[in-house]
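Text of the file query.pdb, holding PDB, C-alpha atoms (C1' of nucleotides):
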```pdb
ATOM      1  CA  MET A 876       5.632 -45.138  22.655
ATOM      2  CA  GLN A 877       6.997 -42.605  25.098
ATOM      3  CA  LEU A 878       9.942 -42.603  27.418
ATOM      4  CA  ALA A 879       9.723 -44.330  30.762
ATOM      5  CA  THR A 880      10.287 -41.119  32.677
ATOM      6  CA  ASP A 881       8.965 -40.422  36.133
ATOM      7  CA  ARG A 882       5.271 -40.349  36.857
ATOM      8  CA  LEU A 883       5.008 -36.618  37.411
ATOM      9  CA  SER A 884       6.715 -35.826  34.107
ATOM     10  CA  ALA A 885       4.415 -38.255  32.339
ATOM     11  CA  THR A 886       1.406 -36.592  33.941
ATOM     12  CA  PHE A 887       2.389 -33.048  32.987
ATOM     13  CA  GLN A 888       3.337 -34.282  29.541
ATOM     14  CA  ALA A 889      -0.107 -35.820  29.150
ATOM     15  CA  LEU A 890      -1.795 -32.609  30.298
ATOM     16  CA  ALA A 891       0.228 -30.548  27.821
ATOM     17  CA  ASP A 892      -2.084 -31.397  24.933
ATOM     18  CA  PRO A 893      -5.471 -29.682  24.395
ATOM     19  CA  THR A 894      -7.015 -32.825  22.911
ATOM     20  CA  ARG A 895      -6.063 -34.856  25.954
ATOM     21  CA  ARG A 896      -7.347 -32.180  28.319
ATOM     22  CA  ALA A 897     -10.627 -32.181  26.395
ATOM     23  CA  ILE A 898     -10.802 -35.949  26.774
ATOM     24  CA  LEU A 899     -10.274 -35.626  30.502
ATOM     25  CA  ALA A 900     -12.960 -32.952  30.666
ATOM     26  CA  ARG A 901     -15.381 -35.360  29.050
ATOM     27  CA  LEU A 902     -14.325 -38.187  31.346
ATOM     28  CA  ALA A 903     -14.873 -35.994  34.382
ATOM     29  CA  LEU A 904     -18.576 -36.288  33.490
ATOM     30  CA  GLY A 905     -18.374 -40.070  33.556
ATOM     31  CA  GLU A 906     -17.003 -43.245  32.053
ATOM     32  CA  THR A 907     -17.479 -43.619  28.309
ATOM     33  CA  SER A 908     -16.356 -45.423  25.158
ATOM     34  CA  VAL A 909     -13.439 -44.576  22.892
ATOM     35  CA  SER A 910     -15.788 -43.803  19.996
ATOM     36  CA  GLU A 911     -17.698 -41.258  21.995
ATOM     37  CA  LEU A 912     -14.481 -39.718  23.254
ATOM     38  CA  ALA A 913     -13.294 -39.460  19.658
ATOM     39  CA  SER A 914     -16.485 -37.975  18.226
ATOM     40  CA  PRO A 915     -15.798 -34.291  19.013
ATOM     41  CA  PHE A 916     -12.482 -34.402  17.147
ATOM     42  CA  LYS A 917     -11.826 -34.492  13.450
ATOM     43  CA  MET A 918      -8.758 -36.676  13.858
ATOM     44  CA  SER A 919      -8.706 -40.399  13.152
ATOM     45  CA  MET A 920      -9.461 -43.105  15.685
ATOM     46  CA  PRO A 921      -5.846 -44.305  15.901
ATOM     47  CA  ALA A 922      -4.836 -40.770  16.813
ATOM     48  CA  VAL A 923      -7.344 -40.737  19.671
ATOM     49  CA  SER A 924      -6.224 -44.195  20.653
ATOM     50  CA  LYS A 925      -2.694 -42.883  20.992
ATOM     51  CA  HIS A 926      -3.835 -40.009  23.146
ATOM     52  CA  LEU A 927      -5.632 -42.470  25.376
ATOM     53  CA  LYS A 928      -2.496 -44.528  25.633
ATOM     54  CA  VAL A 929      -0.572 -41.472  26.764
ATOM     55  CA  LEU A 930      -3.230 -40.704  29.368
ATOM     56  CA  GLU A 931      -3.230 -44.307  30.536
ATOM     57  CA  HIS A 932       0.557 -44.386  30.760
ATOM     58  CA  ALA A 933       0.398 -41.309  32.973
ATOM     59  CA  GLY A 934      -2.153 -43.051  35.158
ATOM     60  CA  LEU A 935      -4.742 -40.412  34.335
ATOM     61  CA  ILE A 936      -7.238 -42.928  32.988
ATOM     62  CA  SER A 937      -7.949 -46.618  33.252
ATOM     63  CA  ARG A 938      -9.798 -48.908  30.876
ATOM     64  CA  SER A 939     -12.113 -51.831  31.306
ATOM     65  CA  ARG A 940     -14.032 -53.985  28.888
ATOM     66  CA  ASP A 941     -17.700 -54.036  27.959
ATOM     67  CA  ALA A 942     -18.395 -56.201  24.912
ATOM     68  CA  GLN A 943     -16.458 -54.611  22.035
ATOM     69  CA  MET A 944     -16.135 -51.372  23.876
ATOM     70  CA  ARG A 945     -13.281 -50.321  26.082
ATOM     71  CA  PRO A 946     -14.766 -47.730  28.403
ATOM     72  CA  CYS A 947     -12.353 -45.181  29.837
ATOM     73  CA  LYS A 948     -12.487 -43.814  33.328
ATOM     74  CA  ILE A 949     -10.650 -40.835  34.759
ATOM     75  CA  GLU A 950      -8.205 -41.595  37.565
ATOM     76  CA  ALA A 951      -7.970 -38.623  39.864
ATOM     77  CA  GLN A 952      -4.939 -39.719  41.829
ATOM     78  CA  ALA A 953      -2.516 -38.748  39.074
ATOM     79  CA  LEU A 954      -4.134 -35.321  38.941
ATOM     80  CA  LYS A 955      -3.747 -35.070  42.686
ATOM     81  CA  GLN A 956      -0.029 -35.734  42.347
ATOM     82  CA  ALA A 957       0.251 -32.814  39.951
ATOM     83  CA  ASP A 958      -1.733 -30.723  42.391
ATOM     84  CA  ASP A 959       0.540 -31.760  45.232
ATOM     85  CA  TRP A 960       3.530 -30.579  43.255
ATOM     86  CA  LEU A 961       1.888 -27.211  42.634
ATOM     87  CA  GLU A 962       1.014 -26.988  46.310
ATOM     88  CA  GLU A 963       4.679 -26.282  47.060
ATOM     89  CA  TYR A 964       4.503 -23.140  44.970
ATOM     90  CA  ARG A 965       1.083 -21.918  46.010
ATOM     91  CA  ARG A 966       2.469 -19.340  48.422
ATOM     92  CA  LEU A 967       4.250 -17.682  45.503
ATOM     93  CA  TRP A 968       1.010 -16.501  43.948
ATOM     94  CA  GLU A 969      -0.987 -16.202  47.118
ATOM     95  CA  GLN A 970       1.513 -13.703  48.498
ATOM     96  CA  ARG A 971       1.291 -11.695  45.313
ATOM     97  CA  LEU A 972      -1.256  -9.205  46.600
ATOM     98  CA  ASP A 973       0.708  -8.542  49.769
ATOM     99  CA  ARG A 974       3.784  -7.767  47.700
ATOM    100  CA  LEU A 975       1.807  -5.560  45.380
ATOM    101  CA  GLU A 976       0.629  -3.656  48.432
ATOM    102  CA  ASP A 977       4.227  -3.292  49.592
ATOM    103  CA  TYR A 978       5.194  -2.010  46.191
ATOM    104  CA  LEU A 979       2.366   0.495  46.020
ATOM    105  CA  ARG A 980       3.237   1.728  49.473
ATOM    106  CA  ALA A 981       6.863   2.195  48.426
ATOM    107  CA  VAL A 982       5.827   4.069  45.292
ATOM    108  CA  GLN A 983       3.627   6.354  47.352
ATOM    109  CA  ILE A 984       6.535   7.227  49.607
ATOM    110  CA  GLN A 985       8.752   7.827  46.588
ATOM    111  CA  ALA A 986       6.142  10.090  45.046
ATOM    112  CA  LYS A 987       5.947  12.188  48.175
ATOM    113  CA  THR A 988       9.727  12.483  48.275
ATOM    114  CA  ALA A 989       9.783  13.444  44.605
ATOM    115  CA  GLN A 990       7.433  16.322  45.260
ATOM    116  CA  THR A 991      10.040  18.092  47.348
ATOM    117  CA  GLU A 992      13.176  16.986  45.469
ATOM    118  CA  THR A 993      12.108  17.023  41.840
ATOM    119  CA  ALA A 994      15.314  18.398  40.366
ATOM    120  CA  GLN A 995      17.640  15.728  41.747
ATOM    121  CA  ALA A 996      15.572  12.850  40.363
ATOM    122  CA  GLU A 997      17.145  13.076  36.896
ATOM    123  CA  GLU A 998      20.671  13.484  38.230
ATOM    124  CA  THR A 999      20.510  10.240  40.137
ATOM    125  CA  LYS A1000      20.799   8.308  36.910
ATOM    126  CA  ALA A1001      24.060   9.963  35.891
ATOM    127  CA  ALA A1002      25.569   9.740  39.348
ATOM    128  CA  LYS A1003      26.076   6.026  39.058
ATOM    129  CA  PRO A1004      27.226   4.525  42.340
ATOM    130  CA  LYS A1005      30.364   2.435  42.186
ATOM    131  CA  GLY A1006      30.714  -1.311  41.712
ATOM    132  CA  LYS A1007      27.799  -3.609  42.302
ATOM    133  CA  GLY A1008      25.879  -1.011  44.206
ATOM    134  CA  LYS A1009      22.733  -1.868  42.346
ATOM    135  CA  SER A1010      20.793   1.288  42.841
ATOM    136  CA  ARG A1011      18.208  -0.306  40.629
ATOM    137  CA  GLY A1012      16.418  -0.663  43.896
ATOM    138  CA  ARG A1013      13.635  -2.916  45.098
ATOM    139  CA  LYS A1014      15.652  -6.077  44.976
ATOM    140  CA  LYS A1015      13.971  -7.849  47.828
TER     141      LYS A1015
ATOM    142  CA  MET B  33      11.869 -23.898  19.331
ATOM    143  CA  GLN B  34       8.522 -25.039  20.598
ATOM    144  CA  LEU B  35       5.064 -24.851  19.172
ATOM    145  CA  ALA B  36       3.050 -21.680  19.541
ATOM    146  CA  THR B  37       0.219 -23.498  21.248
ATOM    147  CA  ASP B  38      -1.965 -22.084  23.972
ATOM    148  CA  ARG B  39      -0.535 -20.846  27.237
ATOM    149  CA  LEU B  40      -1.816 -23.731  29.363
ATOM    150  CA  SER B  41      -0.314 -26.339  27.045
ATOM    151  CA  ALA B  42       2.981 -24.473  27.074
ATOM    152  CA  THR B  43       2.917 -24.398  30.865
ATOM    153  CA  PHE B  44       2.224 -28.101  31.307
ATOM    154  CA  GLN B  45       4.769 -28.865  28.617
ATOM    155  CA  ALA B  46       7.352 -26.831  30.498
ATOM    156  CA  LEU B  47       6.538 -28.619  33.745
ATOM    157  CA  ALA B  48       6.889 -32.016  32.086
ATOM    158  CA  ASP B  49      10.670 -32.007  32.391
ATOM    159  CA  PRO B  50      12.504 -32.822  35.651
ATOM    160  CA  THR B  51      15.336 -30.429  34.853
ATOM    161  CA  ARG B  52      12.916 -27.566  34.394
ATOM    162  CA  ARG B  53      11.049 -28.443  37.577
ATOM    163  CA  ALA B  54      14.378 -28.468  39.424
ATOM    164  CA  ILE B  55      15.146 -25.045  37.998
ATOM    165  CA  LEU B  56      11.797 -23.765  39.218
ATOM    166  CA  ALA B  57      12.450 -25.277  42.630
ATOM    167  CA  ARG B  58      15.690 -23.332  42.819
ATOM    168  CA  LEU B  59      14.007 -20.156  41.624
ATOM    169  CA  ALA B  60      11.326 -20.494  44.275
ATOM    170  CA  LEU B  61      14.136 -19.716  46.730
ATOM    171  CA  GLY B  62      14.934 -16.509  44.889
ATOM    172  CA  GLU B  63      16.217 -14.837  41.757
ATOM    173  CA  THR B  64      19.562 -16.090  40.454
ATOM    174  CA  SER B  65      21.898 -16.257  37.477
ATOM    175  CA  VAL B  66      21.895 -18.759  34.626
ATOM    176  CA  SER B  67      25.290 -20.132  35.685
ATOM    177  CA  GLU B  68      24.072 -20.890  39.163
ATOM    178  CA  LEU B  69      20.924 -22.467  37.792
ATOM    179  CA  ALA B  70      23.067 -24.628  35.520
ATOM    180  CA  SER B  71      25.582 -25.698  38.158
ATOM    181  CA  PRO B  72      23.630 -28.669  39.609
ATOM    182  CA  PHE B  73      23.336 -30.286  36.183
ATOM    183  CA  LYS B  74      25.935 -32.045  34.140
ATOM    184  CA  MET B  75      24.496 -30.804  30.882
ATOM    185  CA  SER B  76      25.984 -27.960  28.861
ATOM    186  CA  MET B  77      25.068 -24.302  29.257
ATOM    187  CA  PRO B  78      23.236 -24.107  25.932
ATOM    188  CA  ALA B  79      21.043 -26.975  27.084
ATOM    189  CA  VAL B  80      20.135 -25.067  30.233
ATOM    190  CA  SER B  81      19.633 -21.952  28.153
ATOM    191  CA  LYS B  82      17.097 -23.836  26.076
ATOM    192  CA  HIS B  83      15.264 -25.014  29.162
ATOM    193  CA  LEU B  84      15.103 -21.442  30.371
ATOM    194  CA  LYS B  85      13.706 -20.381  27.045
ATOM    195  CA  VAL B  86      10.961 -22.967  27.344
ATOM    196  CA  LEU B  87      10.158 -21.752  30.850
ATOM    197  CA  GLU B  88      10.149 -18.155  29.694
ATOM    198  CA  HIS B  89       7.921 -18.974  26.728
ATOM    199  CA  ALA B  90       5.456 -20.550  29.128
ATOM    200  CA  GLY B  91       5.550 -17.412  31.253
ATOM    201  CA  LEU B  92       6.954 -19.369  34.186
ATOM    202  CA  ILE B  93      10.032 -17.192  34.497
ATOM    203  CA  SER B  94      11.169 -13.722  33.494
ATOM    204  CA  ARG B  95      14.667 -12.391  32.984
ATOM    205  CA  SER B  96      16.339  -9.104  33.701
ATOM    206  CA  ARG B  97      19.879  -7.868  33.314
ATOM    207  CA  ASP B  98      22.612  -7.302  35.863
ATOM    208  CA  ALA B  99      25.996  -6.663  34.216
ATOM    209  CA  GLN B 100      26.840  -9.794  32.222
ATOM    210  CA  MET B 101      24.356 -11.824  34.175
ATOM    211  CA  ARG B 102      20.776 -12.452  33.172
ATOM    212  CA  PRO B 103      19.035 -13.219  36.483
ATOM    213  CA  CYS B 104      15.914 -15.373  36.275
ATOM    214  CA  LYS B 105      12.868 -14.921  38.414
ATOM    215  CA  ILE B 106       9.949 -17.285  38.860
ATOM    216  CA  GLU B 107       6.562 -15.992  37.701
ATOM    217  CA  ALA B 108       3.854 -17.548  39.781
ATOM    218  CA  GLN B 109       0.891 -16.514  37.657
ATOM    219  CA  ALA B 110       1.519 -19.204  35.061
ATOM    220  CA  LEU B 111       1.629 -21.767  37.853
ATOM    221  CA  LYS B 112      -1.622 -20.393  39.161
ATOM    222  CA  GLN B 113      -3.206 -20.937  35.764
ATOM    223  CA  ALA B 114      -2.203 -24.582  35.888
ATOM    224  CA  ASP B 115      -3.595 -24.765  39.397
ATOM    225  CA  ASP B 116      -6.850 -23.162  38.250
ATOM    226  CA  TRP B 117      -7.208 -25.830  35.610
ATOM    227  CA  LEU B 118      -6.671 -28.569  38.184
ATOM    228  CA  GLU B 119      -9.173 -26.866  40.448
ATOM    229  CA  GLU B 120     -11.973 -28.055  38.149
ATOM    230  CA  TYR B 121     -11.016 -31.643  38.868
ATOM    231  CA  ARG B 122     -10.285 -31.332  42.543
ATOM    232  CA  ARG B 123     -13.645 -32.761  43.584
ATOM    233  CA  LEU B 124     -12.750 -35.955  41.750
ATOM    234  CA  TRP B 125     -10.105 -36.870  44.266
ATOM    235  CA  GLU B 126     -11.531 -35.072  47.257
ATOM    236  CA  GLN B 127     -14.917 -36.728  46.984
ATOM    237  CA  ARG B 128     -13.388 -40.100  46.411
ATOM    238  CA  LEU B 129     -13.655 -41.191  50.007
ATOM    239  CA  ASP B 130     -17.174 -39.845  50.346
ATOM    240  CA  ARG B 131     -18.233 -41.808  47.299
ATOM    241  CA  LEU B 132     -16.561 -44.910  48.601
ATOM    242  CA  GLU B 133     -18.504 -44.411  51.797
ATOM    243  CA  ASP B 134     -21.694 -44.007  49.791
ATOM    244  CA  TYR B 135     -20.916 -47.159  47.904
ATOM    245  CA  LEU B 136     -20.160 -49.188  50.994
ATOM    246  CA  ARG B 137     -23.345 -47.925  52.597
ATOM    247  CA  ALA B 138     -25.333 -48.931  49.519
ATOM    248  CA  VAL B 139     -23.767 -52.361  49.519
ATOM    249  CA  GLN B 140     -24.568 -52.755  53.182
ATOM    250  CA  ILE B 141     -28.201 -51.863  52.600
ATOM    251  CA  GLN B 142     -28.377 -54.280  49.709
ATOM    252  CA  ALA B 143     -26.936 -57.047  51.813
ATOM    253  CA  LYS B 144     -29.332 -56.433  54.641
ATOM    254  CA  THR B 145     -32.275 -56.249  52.274
ATOM    255  CA  ALA B 146     -31.282 -59.546  50.845
ATOM    256  CA  GLN B 147     -31.109 -61.064  54.308
ATOM    257  CA  THR B 148     -34.214 -59.658  55.930
ATOM    258  CA  GLU B 149     -36.661 -57.251  54.456
ATOM    259  CA  THR B 150     -37.362 -55.743  57.842
ATOM    260  CA  ALA B 151     -36.614 -52.478  59.583
ATOM    261  CA  GLN B 152     -33.321 -51.276  58.146
ATOM    262  CA  ALA B 153     -34.673 -47.826  57.361
ATOM    263  CA  GLU B 154     -33.948 -46.525  60.848
ATOM    264  CA  GLU B 155     -30.390 -47.765  60.774
ATOM    265  CA  THR B 156     -29.770 -46.093  57.453
ATOM    266  CA  LYS B 157     -31.008 -42.830  58.810
ATOM    267  CA  ALA B 158     -28.815 -43.126  61.848
ATOM    268  CA  ALA B 159     -25.699 -44.030  59.897
ATOM    269  CA  LYS B 160     -26.105 -41.282  57.357
ATOM    270  CA  PRO B 161     -23.964 -38.248  58.187
ATOM    271  CA  LYS B 162     -26.528 -36.144  56.338
ATOM    272  CA  GLY B 163     -25.419 -33.383  54.027
ATOM    273  CA  LYS B 164     -22.091 -32.868  52.335
ATOM    274  CA  GLY B 165     -20.814 -30.326  54.808
ATOM    275  CA  LYS B 166     -17.439 -31.963  54.945
ATOM    276  CA  SER B 167     -15.862 -28.723  53.754
ATOM    277  CA  ARG B 168     -12.654 -30.431  52.870
ATOM    278  CA  GLY B 169     -10.799 -27.264  52.031
ATOM    279  CA  ARG B 170      -8.182 -27.212  49.327
ATOM    280  CA  LYS B 171      -5.519 -25.954  51.637
ATOM    281  CA  LYS B 172      -3.701 -28.612  53.477
TER     282      LYS B 172
ATOM    283  C1'  DC C1117     -18.522 -69.404  10.303
ATOM    284  C1'  DT C1118     -19.243 -65.086   8.342
ATOM    285  C1'  DT C1119     -20.275 -60.393   8.976
ATOM    286  C1'  DG C1120     -20.332 -56.055  11.502
ATOM    287  C1'  DT C1121     -18.628 -53.162  15.196
ATOM    288  C1'  DA C1122     -15.172 -51.205  18.285
ATOM    289  C1'  DT C1123     -10.606 -50.573  18.906
ATOM    290  C1'  DT C1124      -5.686 -51.480  18.564
ATOM    291  C1'  DT C1125      -1.400 -52.267  16.031
ATOM    292  C1'  DA C1126       1.923 -51.558  12.166
ATOM    293  C1'  DA C1127       4.378 -48.780   9.155
ATOM    294  C1'  DC C1128       5.322 -44.474   7.868
ATOM    295  C1'  DC C1129       6.049 -39.337   7.920
ATOM    296  C1'  DA C1130       7.043 -34.278   9.235
ATOM    297  C1'  DG C1131       8.237 -31.564  12.770
ATOM    298  C1'  DA C1132       9.426 -30.704  17.702
ATOM    299  C1'  DA C1133      12.347 -31.711  21.831
ATOM    300  C1'  DG C1134      16.556 -32.150  24.002
ATOM    301  C1'  DG C1135      21.119 -32.649  23.698
ATOM    302  C1'  DT C1136      25.874 -31.625  21.687
ATOM    303  C1'  DT C1137      30.110 -28.417  20.084
ATOM    304  C1'  DA C1138      31.592 -24.218  17.946
ATOM    305  C1'  DT C1139      30.807 -19.466  17.333
ATOM    306  C1'  DT C1140      28.935 -14.902  18.598
ATOM    307  C1'  DT C1141      27.144 -11.218  21.344
ATOM    308  C1'  DA C1142      27.221  -8.300  25.474
ATOM    309  C1'  DA C1143      29.244  -6.191  29.327
ATOM    310  C1'  DC C1144      32.793  -5.504  32.622
ATOM    311  C1'  DT C1145      38.063  -5.049  33.509
ATOM    312  C1'  DG C1146      42.873  -4.048  33.153
TER     313       DG C1146
ATOM    314  C1'  DC D1271      42.089  -1.532  23.043
ATOM    315  C1'  DA D1272      42.605  -6.531  24.366
ATOM    316  C1'  DG D1273      41.010  -9.988  27.475
ATOM    317  C1'  DT D1274      37.545 -12.308  30.464
ATOM    318  C1'  DT D1275      33.107 -13.605  31.891
ATOM    319  C1'  DA D1276      28.071 -14.648  31.178
ATOM    320  C1'  DA D1277      24.953 -16.108  28.209
ATOM    321  C1'  DA D1278      22.764 -16.723  23.688
ATOM    322  C1'  DT D1279      22.802 -18.419  18.913
ATOM    323  C1'  DA D1280      23.957 -21.535  15.001
ATOM    324  C1'  DA D1281      24.326 -25.832  13.106
ATOM    325  C1'  DC D1282      23.808 -30.426  13.726
ATOM    326  C1'  DC D1283      22.202 -35.017  15.514
ATOM    327  C1'  DT D1284      18.958 -38.452  17.607
ATOM    328  C1'  DT D1285      14.736 -39.521  19.667
ATOM    329  C1'  DC D1286       9.993 -38.477  20.673
ATOM    330  C1'  DT D1287       5.343 -36.714  19.208
ATOM    331  C1'  DG D1288       1.229 -36.500  16.796
ATOM    332  C1'  DG D1289      -0.764 -37.391  12.905
ATOM    333  C1'  DT D1290      -1.837 -40.445   8.749
ATOM    334  C1'  DT D1291      -3.670 -45.000   6.202
ATOM    335  C1'  DA D1292      -4.019 -49.888   6.009
ATOM    336  C1'  DA D1293      -4.291 -54.173   8.368
ATOM    337  C1'  DA D1294      -5.211 -56.918  12.511
ATOM    338  C1'  DT D1295      -7.672 -58.190  16.712
ATOM    339  C1'  DA D1296     -11.685 -59.037  19.923
ATOM    340  C1'  DC D1297     -16.220 -59.654  20.506
ATOM    341  C1'  DA D1298     -21.458 -60.140  19.340
ATOM    342  C1'  DA D1299     -24.982 -61.486  16.366
ATOM    343  C1'  DG D1300     -26.898 -63.690  12.485
TER     344       DG D1300
END
```
Let me see whether you can do it: turn the structure in this file into C-alpha cells.
Amino acid sequence: MQLATDRLSATFQALADPTRRAILARLALGETSVSELASPFKMSMPAVSKHLKVLEHAGLISRSRDAQMRPCKIEAQALKQADDWLEEYRRLWEQRLDRLEDYLRAVQIQAKTAQTETAQAEETKAAKPKGKGKSRGRKK
Amino acid sequence: MQLATDRLSATFQALADPTRRAILARLALGETSVSELASPFKMSMPAVSKHLKVLEHAGLISRSRDAQMRPCKIEAQALKQADDWLEEYRRLWEQRLDRLEDYLRAVQIQAKTAQTETAQAEETKAAKPKGKGKSRGRKK
DNA sequence: CTTGTATTTAACCAGAAGGTTATTTAACTG
DNA sequence: CAGTTAAATAACCTTCTGGTTAAATACAAG
C-alpha cells in the first residue's frame, strides 16, 4: 500500500491521521477487536482495516488471532522512537522561557533609554547603516 | 497544497518526510537561507520551497526577510505539541519493564504454587519492591 | 456442509503529495 | 535603467492516500 520508507517516516506518517490517533488512544486502554475499533467511526470496515494496516506497517500495533477476531495491540516501541527523535529538539522549547526573559530584559533597557532619547528614535529608521549592517537587531 | 486538517496532523505529516526532518535538523543549529537549506539535497529549489511551505503550514518554521533572502527559523512550539501528544503514551513504554517484571513474578508464583502449596507468601513479600516509586523521569 | 460472523482483499475513484521545468516576483547592484 | 541573485509561483506529471462497494477468506456453530 505505502512506500517502503524508513521506520521513523512511516511512524510519523501513521500518526498524521486523526482516525489513526483515535485508534491508538483506544488501544492504549487495552487490546481489542477490529469491529470495536471501527465502531466510533462512520467509515466502512475496509477503511478502518486500511488504517490498521498503516499502523501495523509503522510497527505501532500488532495483531493476533482469537477465533474470527483479530485483536489489535498497541506497540509502544515505535512511539518511543518518535519520542527519541523529538528528544533532540527538546532544548529548543525548554529554553524558550529563558530567552523570553532575555528579551524582556532587553526591552526594559531599551525603554529606559528611550525615555531620555525620545526624539532620535524615529530618525534611526531613516539613517540606514550601510551594507549588511542589519540594525534590525536582536539577531542572536 | 496540503489539507487544512488540524495542527497536530499537519505537524506529524510534516515530520513524516526525511528531507523535512533534515531541514529541521539544520535549522536547529540556527536560522539560515533557503539556498543553504537546499544545498545538501539534489532536488530542485521549488521542491525545497514546497517542503518549507509544508513546514511553515505546520507551524514548525517561520520566515523573515533579509534583502533577497528569506531566512527560516525553527519554531519549537509545534514540536512541543507533538511531544505533548506522545506524553500521554509515555507510560506505555516506560512501564514496559515493570510490567514484564510483574508478569515474571506472577509466573514464578504460579509455578511454585503448582509445585508445592506451601509457604511462598513470605518470599513474594520479600521479592516485591513495593510501590511504583521508580520515578523514571522523562528526561534522559 | 451450510450459515453466520469477523475481517481482508480487489477494483475503483478523487484528491493530495512530491517532484519536475519554465516563468515571475522581489530586492540589491552597477 | 538593465542585470543578477534569491525565492516563489504556475503548470504539469506520477504516485500515494483515504475512501467507497462488492467479493473473498477464515473460523465457529448448527
Report the closest atom pair, with its distance in Å rounded to one decimal, for each residue of chain D that has an atom no farther than 12 Å from chain B; count all atoms listed in the file, sort by chain and then rising residue number, and write it as JSON lines.
```
{"residue": "D:DT1274", "atom": "C1'", "partner": "B:Gln100", "partner_atom": "CA", "distance": 11.1}
{"residue": "D:DT1275", "atom": "C1'", "partner": "B:Gln100", "partner_atom": "CA", "distance": 7.3}
{"residue": "D:DA1276", "atom": "C1'", "partner": "B:Gln100", "partner_atom": "CA", "distance": 5.1}
{"residue": "D:DA1277", "atom": "C1'", "partner": "B:Met101", "partner_atom": "CA", "distance": 7.4}
{"residue": "D:DA1278", "atom": "C1'", "partner": "B:Ser81", "partner_atom": "CA", "distance": 7.6}
{"residue": "D:DT1279", "atom": "C1'", "partner": "B:Pro78", "partner_atom": "CA", "distance": 9.0}
{"residue": "D:DA1280", "atom": "C1'", "partner": "B:Pro78", "partner_atom": "CA", "distance": 11.3}
{"residue": "D:DT1287", "atom": "C1'", "partner": "B:Leu35", "partner_atom": "CA", "distance": 11.9}
```
What does the structure give for the distance between CA of Ala48 (chain B) and CA of Ala891 (chain A), in Å to one decimal? 8.0 Å
Shortest interatomic distance to chain C - which of B:Ala114, B:Leu59, B:Met75, B:Ile93, counting only C-alpha atoms (C1' of nucleotides):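 Checking each candidate against chain C, we get B:Met75 as the closest.
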Please report, as CSV, each residue of chain C lying at most 10 Å from chain B, together with the nearest pair of atoms and the separation in Å rounded to one decimal; use all atoms listed in the file, and order rows by chain and ascending residue number.
```
residue,atom,partner,partner_atom,distance
C:DG1131,C1',B:Leu35,CA,9.8
C:DA1132,C1',B:Gln34,CA,6.4
C:DA1133,C1',B:Gln34,CA,7.8
C:DG1134,C1',B:Ala79,CA,7.5
C:DG1135,C1',B:Ala79,CA,6.6
C:DT1136,C1',B:Ser76,CA,8.1
C:DT1137,C1',B:Ser76,CA,9.7
C:DA1142,C1',B:Gln100,CA,6.9
C:DA1143,C1',B:Gln100,CA,5.2
C:DC1144,C1',B:Ala99,CA,7.1
```
Residue among B:Glu88, B:Glu126, B:Asp49, B:Glu63 lying closest to chain A, counting only C-alpha atoms: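 Smallest separation from chain A among the options: B:Asp49.
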Chain and number of each residue from the PyMOL selection byres ((chain A) within 10 of (chain B)), as a ChimeraX atom specification: /A:880-893,896,899-900,903,949-955,957-971,1007,1009,1011,1014-1015
Env of DA1299 (chain D): 10 Å cut, atoms = only C-alpha atoms (C1' of nucleotides), seq-sep filter 2 positions within chain, self excluded. Answer as a list in words.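 Residues meeting the cut-off are DT1119 and DG1120 of chain C; DC1297 of chain D.
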Could the residues in this selection be saved with C-alpha atoms (C1' of nucleotides) as a short mmCIF file (atom, residue, chain, number, x, y, z; two decimals), keeping the file's coordinate frame?
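Contents of part27.cif, freshly written:
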```
data_model
loop_
_atom_site.label_atom_id
_atom_site.label_comp_id
_atom_site.auth_asym_id
_atom_site.auth_seq_id
_atom_site.Cartn_x
_atom_site.Cartn_y
_atom_site.Cartn_z
"C1'" DT C 1119 -20.27 -60.39 8.98
"C1'" DG C 1120 -20.33 -56.06 11.50
"C1'" DC D 1297 -16.22 -59.65 20.51
#
```
Quick one: 8 Å padding each side, axis-aligned, all listed atoms of region 1126-1144 of chain C - centre and edge lengths in Å to one decimal, as AutoDock Vina command-line options?
```
--center_x 17.4 --center_y -28.5 --center_z 20.2 --size_x 46.9 --size_y 62.1 --size_z 40.8
```
Point-to-point distance from CA of Val982 (chain A) to CA of Ser96 (chain B), Å rounded to tenths: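 CA of Ser96 (chain B) lies 20.5 Å from CA of Val982 (chain A).
CA of Pro915 (chain A) is found 25.0 Å from C1' of DC1129 (chain C).
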Evaluate the PyMOL selection byres ((chain C and resi 1125) around 10) and report residues as a PyMOL selection string: (chain A and resi 921) or (chain C and resi 1123-1124+1126-1127) or (chain D and resi 1293-1295)
Might you spell out which residues the PyMOL selection byres ((chain D and resi 1273) around 9) would select in the displayed file, as a CSV table (one decimal) with C-alpha atoms (C1' of nucleotides), in the frame of the given file?
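Written output follows (selection-v6.csv):
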```csv
chain,number,residue,atom,x,y,z
C,1145,DT,C1',38.1,-5.0,33.5
C,1146,DG,C1',42.9,-4.0,33.2
D,1272,DA,C1',42.6,-6.5,24.4
D,1274,DT,C1',37.5,-12.3,30.5
```
